[in-house]
Structures are given as structure tokens and as C-alpha cells.
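Undergrad: See my_file32.txt below, with compact mmCIF, C-alpha atoms.
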```txt
# COMPACT_ATOMS: atom_id res chain seq x y z
CA MET J 1073 -28.52 -29.71 -4.55
CA SER J 1074 -24.80 -28.98 -4.97
CA PRO J 1075 -23.50 -25.38 -5.24
CA ILE J 1076 -22.87 -25.96 -8.95
CA GLY J 1077 -26.37 -27.36 -9.38
CA ASN J 1078 -27.83 -24.35 -7.62
CA TYR J 1079 -25.75 -22.05 -9.82
CA LEU J 1080 -27.00 -23.69 -13.02
CA LYS J 1081 -30.59 -23.52 -11.85
CA LYS J 1082 -30.27 -19.87 -10.74
CA HIS J 1083 -29.01 -18.69 -14.12
CA GLY J 1084 -30.75 -21.21 -16.35
CA PHE J 1085 -27.53 -22.66 -17.74
CA GLU J 1086 -27.30 -26.23 -19.02
CA ARG J 1087 -23.67 -26.83 -18.10
CA PHE J 1088 -20.72 -25.48 -16.12
CA GLU J 1089 -17.32 -25.85 -17.79
CA PRO J 1090 -14.74 -23.64 -16.05
CA LYS J 1091 -12.04 -22.30 -18.33
CA ALA J 1092 -11.01 -19.11 -16.48
CA VAL J 1093 -10.70 -17.88 -12.90
CA LEU J 1094 -10.95 -14.13 -12.30
CA PHE J 1095 -9.53 -12.84 -9.02
CA ASP J 1096 -10.22 -9.59 -7.26
CA MET J 1097 -6.97 -8.05 -6.00
CA ASP J 1098 -7.24 -6.30 -2.62
CA GLY J 1099 -8.25 -8.64 0.17
CA VAL J 1100 -7.95 -11.65 -2.16
CA LEU J 1101 -4.45 -11.64 -3.65
CA TYR J 1102 -3.00 -9.23 -1.08
CA ASP J 1103 -3.77 -8.65 2.60
CA SER J 1104 -4.00 -4.97 1.77
CA MET J 1105 -7.37 -3.84 3.06
CA PRO J 1106 -6.12 -2.60 6.48
CA ASN J 1107 -3.76 -0.22 4.65
CA HIS J 1108 -6.47 0.86 2.24
CA ALA J 1109 -8.86 1.58 5.11
CA LYS J 1110 -6.28 3.79 6.84
CA ALA J 1111 -5.44 5.62 3.62
CA TRP J 1112 -9.11 6.23 2.88
CA GLN J 1113 -9.79 7.60 6.37
CA GLN J 1114 -6.76 9.90 6.41
CA SER J 1115 -7.09 11.20 2.85
CA MET J 1116 -10.80 11.91 3.00
CA ALA J 1117 -10.42 13.67 6.35
CA SER J 1118 -8.06 16.11 4.66
CA PHE J 1119 -10.93 17.06 2.33
CA GLY J 1120 -13.51 17.31 5.10
CA ILE J 1121 -15.12 13.94 4.33
CA ARG J 1122 -15.73 11.43 7.11
CA MET J 1123 -14.98 7.87 6.03
CA THR J 1124 -14.86 5.05 8.56
CA GLU J 1125 -13.10 1.70 8.40
CA ALA J 1126 -16.51 0.10 7.87
CA ASP J 1127 -17.13 2.44 4.91
CA ALA J 1128 -13.83 1.38 3.35
CA TYR J 1129 -14.72 -2.30 3.56
CA ALA J 1130 -18.32 -1.76 2.44
CA THR J 1131 -17.24 0.12 -0.71
CA GLU J 1132 -14.24 -2.10 -1.44
CA GLY J 1133 -14.00 -3.09 -5.08
CA ALA J 1134 -15.70 0.00 -6.47
CA ARG J 1135 -13.70 2.48 -8.51
CA GLY J 1136 -12.11 4.96 -6.14
CA ILE J 1137 -13.47 7.97 -7.99
CA ASP J 1138 -17.00 6.55 -7.76
CA THR J 1139 -16.66 6.04 -4.01
CA ILE J 1140 -15.42 9.60 -3.55
CA ARG J 1141 -18.21 11.16 -5.60
CA MET J 1142 -20.77 9.15 -3.62
CA MET J 1143 -19.30 10.20 -0.26
CA VAL J 1144 -19.08 13.88 -1.23
CA LYS J 1145 -22.66 13.84 -2.52
CA ALA J 1146 -23.93 12.17 0.65
CA GLN J 1147 -22.08 14.44 3.08
CA LYS J 1148 -21.89 17.77 1.25
CA GLY J 1149 -24.66 17.52 -1.32
CA GLU J 1150 -22.20 18.33 -4.11
CA ASP J 1151 -21.79 16.67 -7.50
CA ILE J 1152 -18.06 16.97 -7.99
CA THR J 1153 -16.37 16.45 -11.36
CA LEU J 1154 -14.44 13.34 -12.29
CA ALA J 1155 -11.30 15.47 -12.37
CA ARG J 1156 -11.85 16.63 -8.78
CA ALA J 1157 -12.60 13.09 -7.64
CA GLN J 1158 -9.38 11.96 -9.32
CA GLU J 1159 -7.40 14.63 -7.45
CA MET J 1160 -8.80 13.35 -4.16
CA TYR J 1161 -8.15 9.75 -5.14
CA ASP J 1162 -4.56 10.66 -6.01
CA GLU J 1163 -4.06 11.79 -2.40
CA LYS J 1164 -5.48 8.50 -1.14
CA THR J 1165 -3.09 6.68 -3.48
CA ARG J 1166 -0.13 8.72 -2.25
CA LEU J 1167 -0.86 7.82 1.37
CA PHE J 1168 -1.39 4.15 0.52
CA HIS J 1169 1.94 3.84 -1.25
CA GLY J 1170 3.67 5.44 1.70
CA MET J 1171 2.66 2.52 3.91
CA ASP J 1172 4.41 -0.82 4.33
CA GLU J 1173 3.87 -3.16 1.39
CA ALA J 1174 0.96 -5.52 1.97
CA PRO J 1175 1.88 -9.21 1.96
CA VAL J 1176 0.59 -11.76 -0.53
CA MET J 1177 -2.45 -13.47 0.96
CA PRO J 1178 -1.57 -16.94 2.33
CA GLY J 1179 -2.74 -19.71 0.04
CA VAL J 1180 -2.89 -17.63 -3.15
CA ARG J 1181 0.19 -18.99 -4.88
CA GLN J 1182 -0.83 -22.57 -4.05
CA LEU J 1183 -4.28 -21.88 -5.47
CA MET J 1184 -2.94 -20.28 -8.65
CA ALA J 1185 -0.55 -23.20 -9.16
CA GLU J 1186 -3.45 -25.66 -8.96
CA ILE J 1187 -5.57 -23.60 -11.35
CA HIS J 1188 -2.66 -23.25 -13.77
CA ALA J 1189 -2.01 -27.01 -13.64
CA GLN J 1190 -5.63 -27.57 -14.72
CA GLY J 1191 -4.99 -25.45 -17.83
CA LEU J 1192 -7.38 -22.68 -16.81
CA CYS J 1193 -6.80 -19.02 -17.68
CA ILE J 1194 -6.09 -16.72 -14.70
CA GLY J 1195 -7.16 -13.07 -14.68
CA VAL J 1196 -7.39 -10.20 -12.21
CA VAL J 1197 -10.30 -7.75 -12.03
CA THR J 1198 -9.61 -4.76 -9.79
CA GLY J 1199 -11.18 -1.40 -9.12
CA SER J 1200 -7.67 0.03 -8.92
CA GLY J 1201 -5.82 1.59 -11.81
CA GLN J 1202 -2.54 2.37 -10.12
CA ARG J 1203 0.45 1.36 -12.26
CA PRO J 1204 2.67 0.33 -9.29
CA LEU J 1205 0.02 -2.19 -8.21
CA ILE J 1206 -0.25 -3.62 -11.73
CA ASN J 1207 3.52 -3.97 -11.88
CA ARG J 1208 3.50 -5.78 -8.55
CA LEU J 1209 0.86 -8.21 -9.79
CA LEU J 1210 3.08 -9.10 -12.72
CA THR J 1211 6.10 -9.48 -10.46
CA ASP J 1212 4.38 -11.62 -7.84
CA PHE J 1213 2.22 -13.74 -10.13
CA GLY J 1214 4.01 -13.57 -13.47
CA ASP J 1215 4.21 -17.36 -13.58
CA PHE J 1216 0.41 -17.47 -13.91
CA LEU J 1217 -0.73 -14.04 -15.11
CA ASP J 1218 -0.02 -11.61 -17.96
CA GLU J 1219 -1.08 -8.00 -18.41
CA GLN J 1220 -3.58 -8.87 -21.15
CA HIS J 1221 -5.72 -10.58 -18.53
CA ILE J 1222 -5.81 -7.72 -15.99
CA VAL J 1223 -8.89 -5.48 -15.86
CA THR J 1224 -8.46 -2.12 -14.09
CA ALA J 1225 -10.70 0.83 -13.28
CA TYR J 1226 -9.74 2.39 -16.61
CA ASP J 1227 -11.06 -0.50 -18.69
CA VAL J 1228 -14.72 0.12 -17.86
CA GLN J 1229 -17.11 3.04 -17.51
CA ARG J 1230 -19.03 1.40 -14.67
CA GLY J 1231 -17.17 -0.25 -11.81
CA LYS J 1232 -18.34 -2.86 -9.33
CA PRO J 1233 -21.13 -3.58 -8.29
CA ALA J 1234 -22.03 -3.35 -12.01
CA PRO J 1235 -21.14 -6.53 -13.90
CA ASP J 1236 -19.00 -4.63 -16.41
CA PRO J 1237 -15.56 -5.35 -14.86
CA TYR J 1238 -16.16 -9.10 -14.80
CA LEU J 1239 -17.75 -9.05 -18.25
CA MET J 1240 -14.58 -7.34 -19.47
CA GLY J 1241 -12.54 -10.01 -17.67
CA MET J 1242 -14.49 -12.68 -19.54
CA GLN J 1243 -13.95 -10.85 -22.81
CA LYS J 1244 -10.19 -10.79 -22.20
CA ALA J 1245 -10.20 -14.46 -21.19
CA GLY J 1246 -12.41 -15.46 -24.12
CA THR J 1247 -15.00 -17.15 -21.89
CA GLN J 1248 -18.75 -17.16 -21.30
CA PRO J 1249 -20.27 -16.84 -17.81
CA TRP J 1250 -20.75 -20.61 -17.41
CA GLN J 1251 -17.03 -21.01 -18.14
CA THR J 1252 -15.91 -18.48 -15.53
CA VAL J 1253 -15.19 -18.57 -11.80
CA VAL J 1254 -14.93 -15.31 -9.83
CA VAL J 1255 -13.06 -15.12 -6.49
CA GLU J 1256 -14.09 -12.11 -4.39
CA ASN J 1257 -14.00 -10.90 -0.80
CA ALA J 1258 -16.17 -7.77 -0.94
CA PRO J 1259 -19.95 -7.31 -1.15
CA LEU J 1260 -19.76 -5.06 -4.21
CA GLY J 1261 -17.43 -7.50 -5.94
CA VAL J 1262 -19.61 -10.52 -5.16
CA HIS J 1263 -22.60 -8.59 -6.50
CA ALA J 1264 -20.66 -7.80 -9.70
CA GLY J 1265 -19.61 -11.42 -10.21
CA VAL J 1266 -23.15 -12.68 -9.69
CA ALA J 1267 -24.56 -9.98 -11.97
CA ALA J 1268 -22.11 -11.12 -14.65
CA GLN J 1269 -23.54 -14.65 -14.12
CA ALA J 1270 -20.16 -16.17 -13.25
CA PHE J 1271 -19.81 -18.87 -10.59
CA THR J 1272 -18.88 -16.58 -7.70
CA ILE J 1273 -16.83 -17.68 -4.70
CA ALA J 1274 -16.69 -15.35 -1.70
CA VAL J 1275 -13.69 -15.54 0.64
CA ASN J 1276 -14.37 -13.54 3.79
CA THR J 1277 -10.91 -12.17 4.59
CA GLY J 1278 -12.24 -9.03 6.27
CA PRO J 1279 -14.38 -8.01 9.26
CA LEU J 1280 -17.79 -8.16 7.59
CA PRO J 1281 -20.28 -10.89 8.60
CA ASP J 1282 -20.57 -13.87 6.25
CA ASP J 1283 -24.22 -13.03 5.67
CA VAL J 1284 -23.25 -9.78 3.93
CA LEU J 1285 -21.47 -11.77 1.22
CA LEU J 1286 -24.09 -14.52 1.01
CA GLN J 1287 -26.86 -11.94 0.62
CA GLU J 1288 -25.14 -10.67 -2.52
CA GLY J 1289 -25.59 -14.13 -4.04
CA ALA J 1290 -22.23 -15.87 -3.53
CA ASP J 1291 -22.37 -19.46 -4.78
CA LEU J 1292 -19.77 -20.63 -2.23
CA LEU J 1293 -18.16 -19.05 0.82
CA PHE J 1294 -14.82 -19.71 2.51
CA GLY J 1295 -13.30 -18.06 5.54
CA ARG J 1296 -9.70 -18.03 4.27
CA MET J 1297 -7.84 -18.24 0.98
CA THR J 1298 -5.94 -21.25 2.34
CA ALA J 1299 -9.26 -23.08 2.79
CA LEU J 1300 -10.20 -22.40 -0.83
CA ALA J 1301 -6.77 -23.54 -2.01
CA ASP J 1302 -7.04 -26.77 -0.02
CA SER J 1303 -10.51 -27.46 -1.46
CA TRP J 1304 -9.95 -26.40 -5.08
CA ASN J 1305 -9.20 -29.73 -6.69
CA SER J 1306 -12.20 -31.37 -5.04
CA LEU J 1307 -14.47 -28.53 -6.17
CA PHE J 1308 -13.39 -28.42 -9.81
```
I need this file expressed as C-alpha cells, please.
TA:
Amino acid sequence: MSPIGNYLKKHGFERFEPKAVLFDMDGVLYDSMPNHAKAWQQSMASFGIRMTEADAYATEGARGIDTIRMMVKAQKGEDITLARAQEMYDEKTRLFHGMDEAPVMPGVRQLMAEIHAQGLCIGVVTGSGQRPLINRLLTDFGDFLDEQHIVTAYDVQRGKPAPDPYLMGMQKAGTQPWQTVVVENAPLGVHAGVAAQAFTIAVNTGPLPDDVLLQEGADLLFGRMTALADSWNSLF
């Protein structure tokens, strides 16, 4: 059975009619995860929290404040307030923005151009809420994307792996799950896309094994964004 056939059977849908593509940001649109991993390690160390590179990739896509509260609870047994978690996240953000700007992921603009040519809506669903990053999205992808179709950490109460961010993306795009494609690179993001019942494509741009993404229910998997871009028109 084809990936689309498997998707329809898995969710009990009668048809698949893509009308919107929702992209994660870090590790999908930008090759930014190495910088994020460094910023996480350095910032959390300043608060006495040990966070490894593997931790950064494993929790990628979640709201930063949720990741921090989880790490503090696990290592110190404390339930810190949202305000305290935000203070800690602000330090991570400061360090991240002090690093060299991450490049656009190869293949992304080609892929967006093909999606746009098909008349599909393009959205971004990110666990970030940092205004400079939103502004950069609009600068880099303004030909294909507007702010009304960007979902940030501040648009939802529950971040990835809950389905809420992608459900909000569908709400902004005006689509149902069987009309929506999600493009993700992180386990939590893949889980969120699948939980929202969208057709979920995993692109493994990081160091995690493919199986980690497939185990979260990805409907398709690619090793590079360029491979997805080259295959898009034959897929849809």
C-alpha cells in the first residue's frame, strides 16, 4: 500500500486532498539546531542544569519554557513558575542570538516555490516565540508566507508533542487534517503532526536515528530537504 493509502487507513479517512503545508522552523527551514544545542547547554549550565546536545535534539519542537520546567523538575525536583522558566529561556534566547545567523536549509525555497505553484497554503508551526525569528521568516520567505499563517509558542497552551500547535496551524489555514501536510524533523514535532492527524513527513536533518522519527508515526521519511524538494511533485 502507498504511504497515502496507509495514512488514510490509519486515520479512517476517505480521501486525501492537500490544501496546506505546515512547516516546522528549526532544523527544517533553517539549519539552526547546532546553534540551539550550544545555547541550551551554555544557558542551562549557568542555572545549574545539565543539558546535553542529545537532550536539545530530543526536546526540539517543544516550547522552551516547557523543556526548562521538565529539566528542572527532573534534576532538582522543583516545580518552577512559568515566570522563572521564562527568565531562564530569555537567557537561552540571548545566547542564541549572539551566535552567527543560521543559514536557510538547502532545498527549502525550491520546495516552497513548488508548493506555492500548486496553489497550496504555506504555514509555519514553531515552538519559538521570539520576534526576531518571526521577522526573519517573513524576510526570507515573504514570497510564500504571511504572518497570519505562523503559529508560535504563544498561540497555544500546550506545545508539541501535543497536537495543539498543528491544529492551530490548520485553523489558521482553514483546513482539515486530511487536507494538511506537516513537514517536521524532530520526534516531538512528528508526534504532534501525527496526533493532529495530518499527513506527516519527517526529514531527518539531525543526528538522531531514522527509527526515532518513524516510531513517532511519520508517514514518509527523507534524509534531506533537497530530497523532499526533488520528490514533491511526484508525491502530490
Undergrad: In file coordinates, which residues lie within 12 Å of (-24.4, 0.3, -12.3) using all atoms listed in the file, given as a compact mmCIF listing (two decimals) with C-alpha atoms, keeping the file's coordinate frame?
TA:
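Listed below is the output, selection.txt:
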```txt
# COMPACT_ATOMS: atom_id res chain seq x y z
CA ALA J 1134 -15.70 0.00 -6.47
CA ARG J 1135 -13.70 2.48 -8.51
CA ASP J 1138 -17.00 6.55 -7.76
CA VAL J 1228 -14.72 0.12 -17.86
CA GLN J 1229 -17.11 3.04 -17.51
CA ARG J 1230 -19.03 1.40 -14.67
CA GLY J 1231 -17.17 -0.25 -11.81
CA LYS J 1232 -18.34 -2.86 -9.33
CA PRO J 1233 -21.13 -3.58 -8.29
CA ALA J 1234 -22.03 -3.35 -12.01
CA PRO J 1235 -21.14 -6.53 -13.90
CA ASP J 1236 -19.00 -4.63 -16.41
CA PRO J 1237 -15.56 -5.35 -14.86
CA LEU J 1260 -19.76 -5.06 -4.21
CA HIS J 1263 -22.60 -8.59 -6.50
CA ALA J 1264 -20.66 -7.80 -9.70
CA ALA J 1267 -24.56 -9.98 -11.97
CA ALA J 1268 -22.11 -11.12 -14.65
```
Undergrad: Residues of region 1182-1300 of chain J that have any atom at most 10 Å from an atom of region 1165-1172 of chain J: could you tabulate them with the shortest-distance atom pair and the distance in Å to one decimal, using only C-alpha atoms, ordered by chain and increasing number, as CSV?
TA:
```
residue,atom,partner,partner_atom,distance
J:Ser1200,CA,J:Thr1165,CA,9.7
J:Gln1202,CA,J:Thr1165,CA,7.9
J:Pro1204,CA,J:His1169,CA,8.8
J:Leu1205,CA,J:His1169,CA,9.4
```
Undergrad: Suppose you want the space between CA of Ala1189 (chain J) and CA of Gly1295 (chain J); what is it in Å?
TA: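 Taking CA of Ala1189 (chain J) and CA of Gly1295 (chain J), their separation equals 24.0 Å.
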Undergrad: Tell me, in Å to one decimal, how far CA of Thr1224 (chain J) is from CA of Gly1201 (chain J).
TA: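 Atom-to-atom, CA of Thr1224 (chain J) and CA of Gly1201 (chain J) are spaced 5.1 Å apart.
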Undergrad: Please indicate the distance in Å from CA of Glu1132 (chain J) to CA of Asn1078 (chain J), rounded to one decimal place.
TA: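 Separation between CA of Glu1132 (chain J) and CA of Asn1078 (chain J): 26.8 Å.
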Undergrad: Write out as a count of residues only each polymer residue whose atoms come within 8 Å of Thr1252 (chain J), counting only C-alpha atoms; drop sequence neighbours fewer than 4 positions from it.
TA: 11
Undergrad: Within 9 Å of (-6.1, 12.0, 2.5) (file coordinates; only C-alpha atoms), which protein or nucleic acid residues are there? I'd like them as a count of residues only.
TA: 17
Undergrad: Skipping near chain neighbours, those fewer than 3 positions away, what residues fall within 8 Å of His1221 (chain J) using all atoms listed in the file, listed as a ChimeraX atom specification?
TA: /J:1194-1196,1217-1218,1241,1244-1245
Undergrad: When distances are computed from only C-alpha atoms, which of J:Phe1294, J:Phe1308, J:Tyr1226, J:Tyr1238 shows the smallest separation from Ile1076 (chain J)?
TA: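 Ranked by minimum distance to Ile1076 (chain J), first place goes to J:Phe1308.
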Undergrad: Return the single residue from J:Lys1148, J:Gly1265, J:Ser1104, J:Leu1285 that is closest to Arg1122 (chain J), with distances computed using only C-alpha atoms.
TA: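 Using only C-alpha atoms, the shortest distance to Arg1122 (chain J) belongs to J:Lys1148.
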Undergrad: Point out the residue among J:Asp1291, J:Glu1173, J:Asp1212, J:Glu1256 with the least atom-to-atom distance to Phe1095 (chain J), counting all atoms listed in the file.
TA: J:Glu1256
Undergrad: Tell me, as a PDB file with C-alpha atoms, in the coordinates of the input, which residues lie within 10 Å of Ala1299 (chain J), counting all atoms listed in the file; anything in the same chain fewer than 3 positions away does not count.
TA:
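To be explicit, this is the file written out as part_12.pdb:
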```
ATOM      1  CA  PRO J1178      -1.570 -16.940   2.330  1.00  0.00           C
ATOM      2  CA  GLY J1179      -2.740 -19.710   0.040  1.00  0.00           C
ATOM      3  CA  LEU J1183      -4.280 -21.880  -5.470  1.00  0.00           C
ATOM      4  CA  VAL J1275     -13.690 -15.540   0.640  1.00  0.00           C
ATOM      5  CA  LEU J1293     -18.160 -19.050   0.820  1.00  0.00           C
ATOM      6  CA  PHE J1294     -14.820 -19.710   2.510  1.00  0.00           C
ATOM      7  CA  GLY J1295     -13.300 -18.060   5.540  1.00  0.00           C
ATOM      8  CA  ARG J1296      -9.700 -18.030   4.270  1.00  0.00           C
ATOM      9  CA  ASP J1302      -7.040 -26.770  -0.020  1.00  0.00           C
ATOM     10  CA  SER J1303     -10.510 -27.460  -1.460  1.00  0.00           C
ATOM     11  CA  TRP J1304      -9.950 -26.400  -5.080  1.00  0.00           C
TER      12      TRP J1304
END
```
Undergrad: What's around Asp1215 (chain J) at 12 Å? Count all atoms listed in the file, leave out sequence neighbours fewer than 2 positions away in its own chain, and write the answer as a list in words.
TA: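 Contacts, in chain order: Arg1181, Gln1182, Met1184, Ala1185, Ile1187, His1188, Ala1189, Cys1193, Ile1194, Leu1209, Leu1210, Thr1211, Asp1212, Phe1213, Leu1217, Asp1218 and Glu1219 of chain J.
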Undergrad: So, with all atoms listed in the file as the atoms that count, which of J:Ala1225, J:Val1262, J:Ala1157, J:Ile1137 lies closest to Gly1199 (chain J)?
TA: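 Result for the nearest residue to Gly1199 (chain J): J:Ala1225.
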Undergrad: Using all atoms listed in the file, find the one residue out of J:Glu1125, J:Asp1283, J:Asp1098, J:Glu1288 that sits nearest to Val1197 (chain J).
TA: J:Asp1098
